[in-house]
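Trainee: Data: query26.cif, mmCIF, N, CA and C atoms.
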```cif
data_my_file
loop_
_atom_site.label_atom_id
_atom_site.label_comp_id
_atom_site.auth_asym_id
_atom_site.auth_seq_id
_atom_site.Cartn_x
_atom_site.Cartn_y
_atom_site.Cartn_z
N MET T 5 70.83 177.77 51.23
CA MET T 5 72.23 177.51 50.92
C MET T 5 72.91 176.75 52.06
N ARG T 6 72.51 177.03 53.29
CA ARG T 6 73.15 176.40 54.43
C ARG T 6 72.95 174.88 54.41
N ARG T 7 71.76 174.44 54.08
CA ARG T 7 71.48 173.01 54.02
C ARG T 7 72.33 172.33 52.95
N GLU T 8 72.49 172.96 51.82
CA GLU T 8 73.30 172.40 50.74
C GLU T 8 74.77 172.27 51.15
N GLN T 9 75.24 173.24 51.92
CA GLN T 9 76.62 173.17 52.42
C GLN T 9 76.79 172.00 53.38
N HIS T 10 75.82 171.79 54.23
CA HIS T 10 75.86 170.66 55.16
C HIS T 10 75.88 169.33 54.40
N ILE T 11 75.01 169.22 53.44
CA ILE T 11 74.95 167.99 52.64
C ILE T 11 76.28 167.76 51.94
N ARG T 12 76.85 168.81 51.36
CA ARG T 12 78.11 168.67 50.63
C ARG T 12 79.23 168.20 51.55
N ARG T 13 79.33 168.76 52.76
CA ARG T 13 80.38 168.33 53.71
C ARG T 13 80.22 166.87 54.09
N LEU T 14 78.98 166.45 54.37
CA LEU T 14 78.74 165.06 54.76
C LEU T 14 78.99 164.11 53.59
N VAL T 15 78.56 164.47 52.40
CA VAL T 15 78.76 163.62 51.22
C VAL T 15 80.25 163.50 50.91
N ASP T 16 80.98 164.60 50.99
CA ASP T 16 82.42 164.55 50.73
C ASP T 16 83.13 163.60 51.69
N TYR T 17 82.79 163.70 52.98
CA TYR T 17 83.42 162.79 53.94
C TYR T 17 83.00 161.35 53.69
N ALA T 18 81.72 161.13 53.40
CA ALA T 18 81.23 159.77 53.18
C ALA T 18 81.93 159.12 51.99
N LYS T 19 82.14 159.86 50.95
CA LYS T 19 82.82 159.30 49.77
C LYS T 19 84.28 158.97 50.07
N ARG T 20 84.95 159.85 50.84
CA ARG T 20 86.36 159.59 51.19
C ARG T 20 86.48 158.38 52.10
N SER T 21 85.58 158.26 53.06
CA SER T 21 85.72 157.21 54.07
C SER T 21 85.19 155.85 53.61
N GLN T 22 84.34 155.84 52.62
CA GLN T 22 83.71 154.59 52.19
C GLN T 22 84.74 153.58 51.70
N ARG T 23 85.70 154.02 50.96
CA ARG T 23 86.71 153.10 50.43
C ARG T 23 87.49 152.43 51.56
N TRP T 24 87.92 153.21 52.57
CA TRP T 24 88.69 152.64 53.68
C TRP T 24 87.83 151.70 54.52
N ALA T 25 86.59 152.04 54.70
CA ALA T 25 85.69 151.18 55.48
C ALA T 25 85.52 149.83 54.80
N ILE T 26 85.36 149.84 53.50
CA ILE T 26 85.20 148.58 52.76
C ILE T 26 86.47 147.75 52.83
N ILE T 27 87.62 148.38 52.66
CA ILE T 27 88.90 147.66 52.72
C ILE T 27 89.09 147.01 54.09
N LEU T 28 88.84 147.75 55.17
CA LEU T 28 89.00 147.20 56.52
C LEU T 28 87.99 146.08 56.81
N ALA T 29 86.78 146.24 56.36
CA ALA T 29 85.77 145.21 56.59
C ALA T 29 86.13 143.93 55.84
N VAL T 30 86.55 144.04 54.60
CA VAL T 30 86.94 142.86 53.82
C VAL T 30 88.15 142.18 54.45
N ALA T 31 89.13 142.98 54.88
CA ALA T 31 90.31 142.40 55.53
C ALA T 31 89.91 141.65 56.80
N SER T 32 89.00 142.20 57.55
CA SER T 32 88.53 141.54 58.77
C SER T 32 87.88 140.20 58.46
N PHE T 33 87.04 140.19 57.43
CA PHE T 33 86.37 138.94 57.06
C PHE T 33 87.36 137.91 56.51
N ILE T 34 88.38 138.34 55.78
CA ILE T 34 89.39 137.42 55.26
C ILE T 34 90.19 136.82 56.41
N ILE T 35 90.59 137.65 57.37
CA ILE T 35 91.33 137.15 58.53
C ILE T 35 90.48 136.15 59.30
N THR T 36 89.21 136.45 59.48
CA THR T 36 88.32 135.54 60.19
C THR T 36 88.20 134.22 59.43
N GLY T 37 88.01 134.29 58.12
CA GLY T 37 87.91 133.08 57.33
C GLY T 37 89.16 132.22 57.41
N THR T 38 90.32 132.86 57.44
CA THR T 38 91.58 132.14 57.57
C THR T 38 91.70 131.50 58.95
N LEU T 39 91.31 132.22 59.99
CA LEU T 39 91.41 131.69 61.35
C LEU T 39 90.47 130.50 61.58
N ILE T 40 89.31 130.51 60.94
CA ILE T 40 88.36 129.41 61.13
C ILE T 40 88.99 128.09 60.68
N ASP T 41 89.76 128.14 59.59
CA ASP T 41 90.40 126.92 59.10
C ASP T 41 91.62 126.51 59.94
N LYS T 42 92.34 127.47 60.49
CA LYS T 42 93.62 127.20 61.13
C LYS T 42 93.54 126.95 62.64
N VAL T 43 92.60 127.55 63.31
CA VAL T 43 92.56 127.50 64.77
C VAL T 43 91.48 126.53 65.22
N ASP T 44 91.79 125.74 66.24
CA ASP T 44 90.83 124.79 66.77
C ASP T 44 90.03 125.45 67.89
N GLN T 45 89.23 126.42 67.53
CA GLN T 45 88.37 127.14 68.45
C GLN T 45 86.95 127.04 67.93
N SER T 46 86.05 127.48 68.73
CA SER T 46 84.66 127.50 68.31
C SER T 46 84.46 128.48 67.17
N GLU T 47 83.70 128.08 66.18
CA GLU T 47 83.47 128.97 65.04
C GLU T 47 82.66 130.21 65.41
N TYR T 48 81.85 130.12 66.43
CA TYR T 48 81.06 131.30 66.81
C TYR T 48 81.94 132.38 67.43
N LEU T 49 82.93 131.98 68.20
CA LEU T 49 83.86 132.94 68.77
C LEU T 49 84.68 133.59 67.66
N LEU T 50 85.15 132.78 66.73
CA LEU T 50 85.92 133.33 65.62
C LEU T 50 85.05 134.18 64.70
N LEU T 51 83.80 133.81 64.56
CA LEU T 51 82.89 134.61 63.76
C LEU T 51 82.76 136.01 64.35
N GLY T 52 82.89 136.10 65.66
CA GLY T 52 82.86 137.40 66.32
C GLY T 52 83.96 138.31 65.84
N PHE T 53 85.11 137.75 65.50
CA PHE T 53 86.19 138.57 64.97
C PHE T 53 85.80 139.18 63.63
N GLY T 54 84.94 138.48 62.91
CA GLY T 54 84.46 139.02 61.63
C GLY T 54 83.69 140.30 61.81
N PHE T 55 83.07 140.45 62.96
CA PHE T 55 82.32 141.67 63.21
C PHE T 55 83.23 142.84 63.58
N LEU T 56 84.53 142.60 63.63
CA LEU T 56 85.46 143.72 63.83
C LEU T 56 85.42 144.67 62.63
N GLY T 57 84.84 144.20 61.53
CA GLY T 57 84.62 145.07 60.39
C GLY T 57 83.67 146.21 60.71
N VAL T 58 82.98 146.11 61.86
CA VAL T 58 82.08 147.17 62.28
C VAL T 58 82.87 148.37 62.82
N ILE T 59 84.10 148.17 63.20
CA ILE T 59 84.90 149.25 63.77
C ILE T 59 85.04 150.44 62.80
N PRO T 60 85.26 150.21 61.49
CA PRO T 60 85.26 151.38 60.60
C PRO T 60 83.92 152.12 60.62
N LEU T 61 82.83 151.41 60.83
CA LEU T 61 81.54 152.06 60.95
C LEU T 61 81.49 152.95 62.18
N LEU T 62 82.10 152.50 63.28
CA LEU T 62 82.18 153.32 64.48
C LEU T 62 82.94 154.62 64.22
N VAL T 63 84.07 154.50 63.54
CA VAL T 63 84.88 155.68 63.22
C VAL T 63 84.08 156.63 62.33
N ARG T 64 83.38 156.07 61.37
CA ARG T 64 82.59 156.88 60.45
C ARG T 64 81.45 157.60 61.20
N GLU T 65 80.76 156.89 62.08
CA GLU T 65 79.67 157.52 62.84
C GLU T 65 80.21 158.64 63.74
N TRP T 66 81.38 158.43 64.33
CA TRP T 66 81.98 159.47 65.17
C TRP T 66 82.29 160.72 64.34
N ARG T 67 82.85 160.50 63.18
CA ARG T 67 83.20 161.63 62.31
C ARG T 67 81.95 162.35 61.81
N PHE T 68 80.92 161.60 61.44
CA PHE T 68 79.65 162.23 61.05
C PHE T 68 79.10 163.07 62.20
N GLY T 69 79.19 162.54 63.41
CA GLY T 69 78.73 163.29 64.58
C GLY T 69 79.52 164.57 64.77
N THR T 70 80.82 164.51 64.53
CA THR T 70 81.67 165.70 64.65
C THR T 70 81.28 166.75 63.61
N ILE T 71 81.08 166.29 62.39
CA ILE T 71 80.69 167.22 61.32
C ILE T 71 79.32 167.83 61.63
N ARG T 72 78.38 166.99 62.01
CA ARG T 72 77.03 167.48 62.30
C ARG T 72 77.01 168.39 63.52
N ALA T 73 77.85 168.12 64.51
CA ALA T 73 77.90 168.97 65.71
C ALA T 73 78.37 170.37 65.38
N SER T 74 79.14 170.51 64.32
CA SER T 74 79.62 171.85 63.94
C SER T 74 78.53 172.70 63.31
N PHE T 75 77.38 172.12 63.01
CA PHE T 75 76.30 172.86 62.36
C PHE T 75 75.46 173.66 63.35
N ASN T 76 75.52 173.33 64.64
CA ASN T 76 74.66 174.00 65.62
C ASN T 76 75.38 173.98 66.97
N ASP T 77 75.30 175.08 67.70
CA ASP T 77 75.98 175.19 68.99
C ASP T 77 75.15 174.73 70.18
N ASN T 78 73.92 174.34 69.94
CA ASN T 78 73.04 173.88 71.01
C ASN T 78 73.62 172.61 71.65
N VAL T 79 73.74 172.60 72.98
CA VAL T 79 74.35 171.47 73.69
C VAL T 79 73.52 170.20 73.50
N THR T 80 72.22 170.32 73.58
CA THR T 80 71.36 169.14 73.39
C THR T 80 71.52 168.57 71.99
N TYR T 81 71.57 169.44 71.00
CA TYR T 81 71.77 169.01 69.62
C TYR T 81 73.10 168.28 69.48
N GLN T 82 74.15 168.83 70.06
CA GLN T 82 75.46 168.21 69.93
C GLN T 82 75.51 166.84 70.59
N ARG T 83 74.79 166.65 71.67
CA ARG T 83 74.73 165.33 72.30
C ARG T 83 73.94 164.35 71.44
N LEU T 84 72.84 164.82 70.89
CA LEU T 84 71.98 163.94 70.10
C LEU T 84 72.64 163.48 68.80
N VAL T 85 73.46 164.33 68.18
CA VAL T 85 74.09 163.92 66.92
C VAL T 85 75.20 162.89 67.16
N ARG T 86 75.63 162.72 68.39
CA ARG T 86 76.61 161.67 68.72
C ARG T 86 75.93 160.33 69.01
N LEU T 87 74.62 160.32 69.17
CA LEU T 87 73.93 159.08 69.52
C LEU T 87 74.12 157.93 68.53
N PRO T 88 74.15 158.16 67.21
CA PRO T 88 74.40 157.01 66.32
C PRO T 88 75.70 156.28 66.63
N PHE T 89 76.74 157.04 67.00
CA PHE T 89 78.00 156.40 67.38
C PHE T 89 77.81 155.53 68.62
N TRP T 90 77.18 156.09 69.66
CA TRP T 90 77.00 155.35 70.91
C TRP T 90 76.07 154.16 70.71
N MET T 91 75.07 154.30 69.85
CA MET T 91 74.17 153.17 69.59
C MET T 91 74.90 152.06 68.84
N THR T 92 75.77 152.43 67.90
CA THR T 92 76.54 151.42 67.17
C THR T 92 77.51 150.70 68.11
N LEU T 93 78.16 151.45 68.98
CA LEU T 93 79.07 150.85 69.95
C LEU T 93 78.31 149.92 70.90
N PHE T 94 77.19 150.38 71.41
CA PHE T 94 76.35 149.57 72.30
C PHE T 94 75.88 148.30 71.57
N GLY T 95 75.46 148.45 70.32
CA GLY T 95 75.02 147.30 69.54
C GLY T 95 76.13 146.28 69.34
N LEU T 96 77.36 146.75 69.11
CA LEU T 96 78.49 145.84 68.94
C LEU T 96 78.78 145.09 70.23
N VAL T 97 78.75 145.79 71.35
CA VAL T 97 78.98 145.14 72.65
C VAL T 97 77.89 144.10 72.92
N ILE T 98 76.64 144.47 72.67
CA ILE T 98 75.53 143.53 72.88
C ILE T 98 75.66 142.33 71.94
N LEU T 99 76.09 142.57 70.70
CA LEU T 99 76.29 141.47 69.76
C LEU T 99 77.32 140.48 70.29
N TYR T 100 78.44 141.00 70.83
CA TYR T 100 79.44 140.10 71.40
C TYR T 100 78.91 139.36 72.62
N LEU T 101 78.10 140.02 73.42
CA LEU T 101 77.49 139.34 74.56
C LEU T 101 76.54 138.23 74.11
N ILE T 102 75.77 138.50 73.07
CA ILE T 102 74.86 137.47 72.54
C ILE T 102 75.64 136.30 71.97
N LEU T 103 76.75 136.59 71.25
CA LEU T 103 77.58 135.49 70.73
C LEU T 103 78.19 134.67 71.86
N GLY T 104 78.62 135.35 72.93
CA GLY T 104 79.15 134.63 74.08
C GLY T 104 78.08 133.80 74.76
N TRP T 105 76.88 134.35 74.86
CA TRP T 105 75.75 133.64 75.45
C TRP T 105 75.42 132.40 74.63
N TYR T 106 75.45 132.55 73.31
CA TYR T 106 75.19 131.42 72.41
C TYR T 106 76.31 130.38 72.53
N GLU T 107 77.54 130.85 72.69
CA GLU T 107 78.69 129.95 72.82
C GLU T 107 78.59 129.09 74.07
N LEU T 108 78.06 129.65 75.13
CA LEU T 108 77.90 128.90 76.37
C LEU T 108 76.76 127.89 76.31
N GLY T 109 75.97 127.98 75.26
CA GLY T 109 74.90 127.00 75.07
C GLY T 109 73.63 127.32 75.83
N SER T 110 73.51 128.49 76.38
CA SER T 110 72.35 128.83 77.19
C SER T 110 71.08 129.14 76.41
N PRO T 111 71.13 129.96 75.35
CA PRO T 111 69.88 130.50 74.83
C PRO T 111 69.06 129.57 73.94
N GLY T 112 69.70 128.64 73.26
CA GLY T 112 68.95 127.82 72.32
C GLY T 112 68.56 128.66 71.11
N PRO T 113 67.39 128.40 70.55
CA PRO T 113 66.98 129.14 69.35
C PRO T 113 66.58 130.59 69.62
N SER T 114 66.46 130.98 70.88
CA SER T 114 66.04 132.34 71.19
C SER T 114 67.10 133.38 70.84
N VAL T 115 68.30 132.96 70.47
CA VAL T 115 69.35 133.92 70.12
C VAL T 115 68.96 134.71 68.88
N PHE T 116 68.26 134.09 67.95
CA PHE T 116 67.86 134.78 66.73
C PHE T 116 66.78 135.83 67.02
N LEU T 117 65.89 135.52 67.93
CA LEU T 117 64.89 136.49 68.36
C LEU T 117 65.57 137.68 69.05
N THR T 118 66.56 137.38 69.88
CA THR T 118 67.30 138.43 70.57
C THR T 118 68.03 139.34 69.58
N LEU T 119 68.65 138.76 68.57
CA LEU T 119 69.33 139.56 67.54
C LEU T 119 68.33 140.42 66.77
N THR T 120 67.17 139.86 66.46
CA THR T 120 66.15 140.61 65.74
C THR T 120 65.65 141.80 66.56
N VAL T 121 65.44 141.58 67.85
CA VAL T 121 65.00 142.66 68.73
C VAL T 121 66.09 143.72 68.84
N LEU T 122 67.34 143.32 68.92
CA LEU T 122 68.46 144.27 68.99
C LEU T 122 68.50 145.15 67.75
N VAL T 123 68.48 144.55 66.59
CA VAL T 123 68.56 145.32 65.35
C VAL T 123 67.33 146.21 65.17
N GLY T 124 66.15 145.66 65.40
CA GLY T 124 64.92 146.44 65.27
C GLY T 124 64.87 147.60 66.26
N GLY T 125 65.27 147.33 67.50
CA GLY T 125 65.27 148.38 68.51
C GLY T 125 66.23 149.51 68.18
N MET T 126 67.41 149.16 67.69
CA MET T 126 68.38 150.20 67.32
C MET T 126 67.85 151.05 66.17
N TYR T 127 67.21 150.41 65.21
CA TYR T 127 66.64 151.13 64.07
C TYR T 127 65.56 152.12 64.53
N LEU T 128 64.65 151.64 65.38
CA LEU T 128 63.56 152.49 65.86
C LEU T 128 64.09 153.64 66.73
N LEU T 129 65.08 153.36 67.58
CA LEU T 129 65.67 154.42 68.39
C LEU T 129 66.32 155.50 67.54
N GLN T 130 67.01 155.09 66.51
CA GLN T 130 67.67 156.08 65.65
C GLN T 130 66.63 156.96 64.96
N ARG T 131 65.56 156.37 64.47
CA ARG T 131 64.49 157.17 63.83
C ARG T 131 63.86 158.14 64.83
N TYR T 132 63.66 157.69 66.06
CA TYR T 132 63.07 158.53 67.10
C TYR T 132 63.97 159.73 67.40
N PHE T 133 65.27 159.48 67.54
CA PHE T 133 66.20 160.56 67.84
C PHE T 133 66.35 161.52 66.66
N GLU T 134 66.23 161.02 65.44
CA GLU T 134 66.28 161.92 64.28
C GLU T 134 65.11 162.90 64.30
N ARG T 135 63.95 162.44 64.72
CA ARG T 135 62.79 163.34 64.82
C ARG T 135 63.04 164.44 65.85
N ILE T 136 63.64 164.07 66.98
CA ILE T 136 63.94 165.07 68.01
C ILE T 136 64.97 166.07 67.50
N ILE T 137 65.99 165.57 66.82
CA ILE T 137 67.04 166.45 66.29
C ILE T 137 66.46 167.41 65.25
N LEU T 138 65.54 166.92 64.41
CA LEU T 138 64.94 167.78 63.39
C LEU T 138 64.16 168.94 64.02
N LYS T 139 63.64 168.74 65.22
CA LYS T 139 62.95 169.84 65.91
C LYS T 139 63.95 170.90 66.37
N LEU T 140 65.15 170.47 66.77
CA LEU T 140 66.18 171.41 67.21
C LEU T 140 66.89 172.10 66.05
N GLU T 141 67.11 171.35 64.99
CA GLU T 141 67.85 171.86 63.83
C GLU T 141 67.11 171.45 62.56
N PRO T 142 66.34 172.37 61.98
CA PRO T 142 65.58 172.03 60.77
C PRO T 142 66.47 171.65 59.58
N ASP T 143 67.73 172.09 59.58
CA ASP T 143 68.65 171.78 58.48
C ASP T 143 69.41 170.47 58.69
N TYR T 144 69.04 169.71 59.71
CA TYR T 144 69.72 168.44 59.99
C TYR T 144 69.52 167.49 58.82
N ILE T 145 70.59 166.82 58.43
CA ILE T 145 70.56 165.87 57.33
C ILE T 145 70.44 164.47 57.92
N THR T 146 69.32 163.81 57.67
CA THR T 146 69.13 162.46 58.19
C THR T 146 69.97 161.48 57.38
N ASP T 147 70.16 160.29 57.93
CA ASP T 147 70.93 159.27 57.21
C ASP T 147 70.25 158.89 55.90
N ARG T 148 68.94 158.87 55.90
CA ARG T 148 68.19 158.52 54.70
C ARG T 148 68.47 159.55 53.60
N GLU T 149 68.46 160.84 53.94
CA GLU T 149 68.76 161.88 52.96
C GLU T 149 70.21 161.79 52.48
N LEU T 150 71.10 161.48 53.38
CA LEU T 150 72.51 161.35 53.02
C LEU T 150 72.71 160.20 52.04
N HIS T 151 72.06 159.08 52.27
CA HIS T 151 72.19 157.94 51.36
C HIS T 151 71.61 158.25 49.99
N ARG T 152 70.52 159.03 49.95
CA ARG T 152 69.97 159.45 48.66
C ARG T 152 70.97 160.31 47.89
N GLU T 153 71.67 161.17 48.60
CA GLU T 153 72.66 162.04 47.97
C GLU T 153 73.87 161.26 47.46
N LEU T 154 74.19 160.18 48.14
CA LEU T 154 75.36 159.39 47.75
C LEU T 154 75.10 158.56 46.49
N LYS T 155 73.85 158.33 46.17
CA LYS T 155 73.54 157.51 44.98
C LYS T 155 73.65 158.28 43.70
#
```
Can you turn what I pasted into structure tokens?
Mentor:
Amino acid sequence: MRREQHIRRLVDYAKRSQRWAIILAVASFIITGTLIDKVDQSEYLLLGFGFLGVIPLLVREWRFGTIRASFNDNVTYQRLVRLPFWMTLFGLVILYLILGWYELGSPGPSVFLTLTVLVGGMYLLQRYFERIILKLEPDYITDRELHRELK
């Protein structure tokens, strides 16, 4: 029963927050599209503003971490369930650094390889940390299980 309660709390929050996340992301992309036409700046810098749509994802990851942290009082567990938020924040900062690096003209075609390594590395790290968390809390709901429940 405990696992079902955890799933229900996470699914309820995910359904409530999904609408706002989509609205903010679309608004961010519309503002970026408008600025590209109006402002005489580099399109790569302005494209970076489009990634501000990731901010609702940051809020969502923080809230998921808060909900998941309430499931277990173990200090290590509580730190590990916050990692998706910190990884998303770190990924956003690195993405802006890569866009700035590309804007300066330094990397050439290697920027795409760098982006691929960033995304792949974040994915693998998250899977690794989920395995560690599952050892601490057998009732932990992984993102994959949560997405299955949302469908």
Trainee: For the PyMOL selection byres ((chain T and resi 134-141) around 8), applied here, can you spell out every residue it catches as a ChimeraX atom specification?
Mentor: /T:75-76,80-81,84-85,128-133,142-147
Trainee: Counting only N, CA and C atoms, which residue out of T:Leu101, T:Ile71, T:Arg64, T:Gly109 sits closest to T:Phe89?
Mentor: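 When distances to T:Phe89 are compared using only N, CA and C atoms, the smallest one comes from T:Arg64.
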Trainee: Name the residues within 12 Å of (75.6, 145.1, 66.6), counting only C-alpha atoms in the file's coordinates, and put them as an MDAnalysis selection string.
Mentor: chainID T and resid 52 54:59 61:62 88:103 118:127
Trainee: Mind checking which residues fall within 8 Å of T:Gln82, counting all atoms listed in the file, ignoring those fewer than 6 positions away in the same chain, and posting them as number ranges by chain?
Mentor: T: 69, 72-74, 76
Trainee: Could you give me, as number ranges by chain, each residue of chain T that DSSP assigns to helix (DSSP H, G or I) when run on this structure's backbone?
Mentor: T: 6-42, 47-73, 79-84, 87-107, 114-140, 147-154
Trainee: Export stretch 83-97 of chain T, N, CA, C and O atoms, as an mmCIF file, in the first residue's frame; it's the structure right above.
Mentor:
```
data_model
loop_
_atom_site.group_PDB
_atom_site.id
_atom_site.type_symbol
_atom_site.label_atom_id
_atom_site.label_comp_id
_atom_site.auth_asym_id
_atom_site.auth_seq_id
_atom_site.Cartn_x
_atom_site.Cartn_y
_atom_site.Cartn_z
ATOM 1 N N ARG T 83 19.419 13.345 0.110
ATOM 2 C CA ARG T 83 20.350 14.040 -0.785
ATOM 3 C C ARG T 83 20.260 13.488 -2.199
ATOM 4 O O ARG T 83 20.302 14.246 -3.169
ATOM 5 N N LEU T 84 20.160 12.176 -2.308
ATOM 6 C CA LEU T 84 20.136 11.552 -3.632
ATOM 7 C C LEU T 84 18.871 11.879 -4.418
ATOM 8 O O LEU T 84 18.918 11.996 -5.642
ATOM 9 N N VAL T 85 17.727 12.029 -3.735
ATOM 10 C CA VAL T 85 16.497 12.329 -4.471
ATOM 11 C C VAL T 85 16.488 13.770 -4.982
ATOM 12 O O VAL T 85 15.675 14.110 -5.844
ATOM 13 N N ARG T 86 17.376 14.606 -4.491
ATOM 14 C CA ARG T 86 17.505 15.979 -5.010
ATOM 15 C C ARG T 86 18.439 16.048 -6.223
ATOM 16 O O ARG T 86 18.504 17.079 -6.884
ATOM 17 N N LEU T 87 19.170 14.984 -6.500
ATOM 18 C CA LEU T 87 20.133 15.015 -7.596
ATOM 19 C C LEU T 87 19.538 15.326 -8.966
ATOM 20 O O LEU T 87 20.179 16.033 -9.746
ATOM 21 N N PRO T 88 18.344 14.830 -9.333
ATOM 22 C CA PRO T 88 17.801 15.220 -10.642
ATOM 23 C C PRO T 88 17.682 16.733 -10.811
ATOM 24 O O PRO T 88 17.940 17.265 -11.890
ATOM 25 N N PHE T 89 17.300 17.432 -9.734
ATOM 26 C CA PHE T 89 17.231 18.895 -9.809
ATOM 27 C C PHE T 89 18.609 19.480 -10.080
ATOM 28 O O PHE T 89 18.776 20.314 -10.971
ATOM 29 N N TRP T 90 19.619 19.052 -9.308
ATOM 30 C CA TRP T 90 20.962 19.604 -9.464
ATOM 31 C C TRP T 90 21.556 19.240 -10.813
ATOM 32 O O TRP T 90 22.278 20.036 -11.414
ATOM 33 N N MET T 91 21.245 18.044 -11.310
ATOM 34 C CA MET T 91 21.756 17.661 -12.629
ATOM 35 C C MET T 91 21.100 18.493 -13.729
ATOM 36 O O MET T 91 21.762 18.883 -14.689
ATOM 37 N N THR T 92 19.808 18.774 -13.596
ATOM 38 C CA THR T 92 19.126 19.611 -14.588
ATOM 39 C C THR T 92 19.682 21.032 -14.562
ATOM 40 O O THR T 92 19.937 21.628 -15.614
ATOM 41 N N LEU T 93 19.904 21.569 -13.374
ATOM 42 C CA LEU T 93 20.483 22.905 -13.250
ATOM 43 C C LEU T 93 21.890 22.942 -13.842
ATOM 44 O O LEU T 93 22.227 23.853 -14.609
ATOM 45 N N PHE T 94 22.705 21.962 -13.516
ATOM 46 C CA PHE T 94 24.061 21.867 -14.044
ATOM 47 C C PHE T 94 24.030 21.746 -15.576
ATOM 48 O O PHE T 94 24.801 22.409 -16.277
ATOM 49 N N GLY T 95 23.121 20.928 -16.086
ATOM 50 C CA GLY T 95 22.989 20.767 -17.531
ATOM 51 C C GLY T 95 22.600 22.061 -18.223
ATOM 52 O O GLY T 95 23.103 22.390 -19.299
ATOM 53 N N LEU T 96 21.714 22.844 -17.599
ATOM 54 C CA LEU T 96 21.309 24.127 -18.175
ATOM 55 C C LEU T 96 22.482 25.107 -18.203
ATOM 56 O O LEU T 96 22.697 25.792 -19.208
ATOM 57 N N VAL T 97 23.245 25.151 -17.124
ATOM 58 C CA VAL T 97 24.415 26.035 -17.077
ATOM 59 C C VAL T 97 25.436 25.617 -18.140
ATOM 60 O O VAL T 97 25.970 26.461 -18.874
#
```
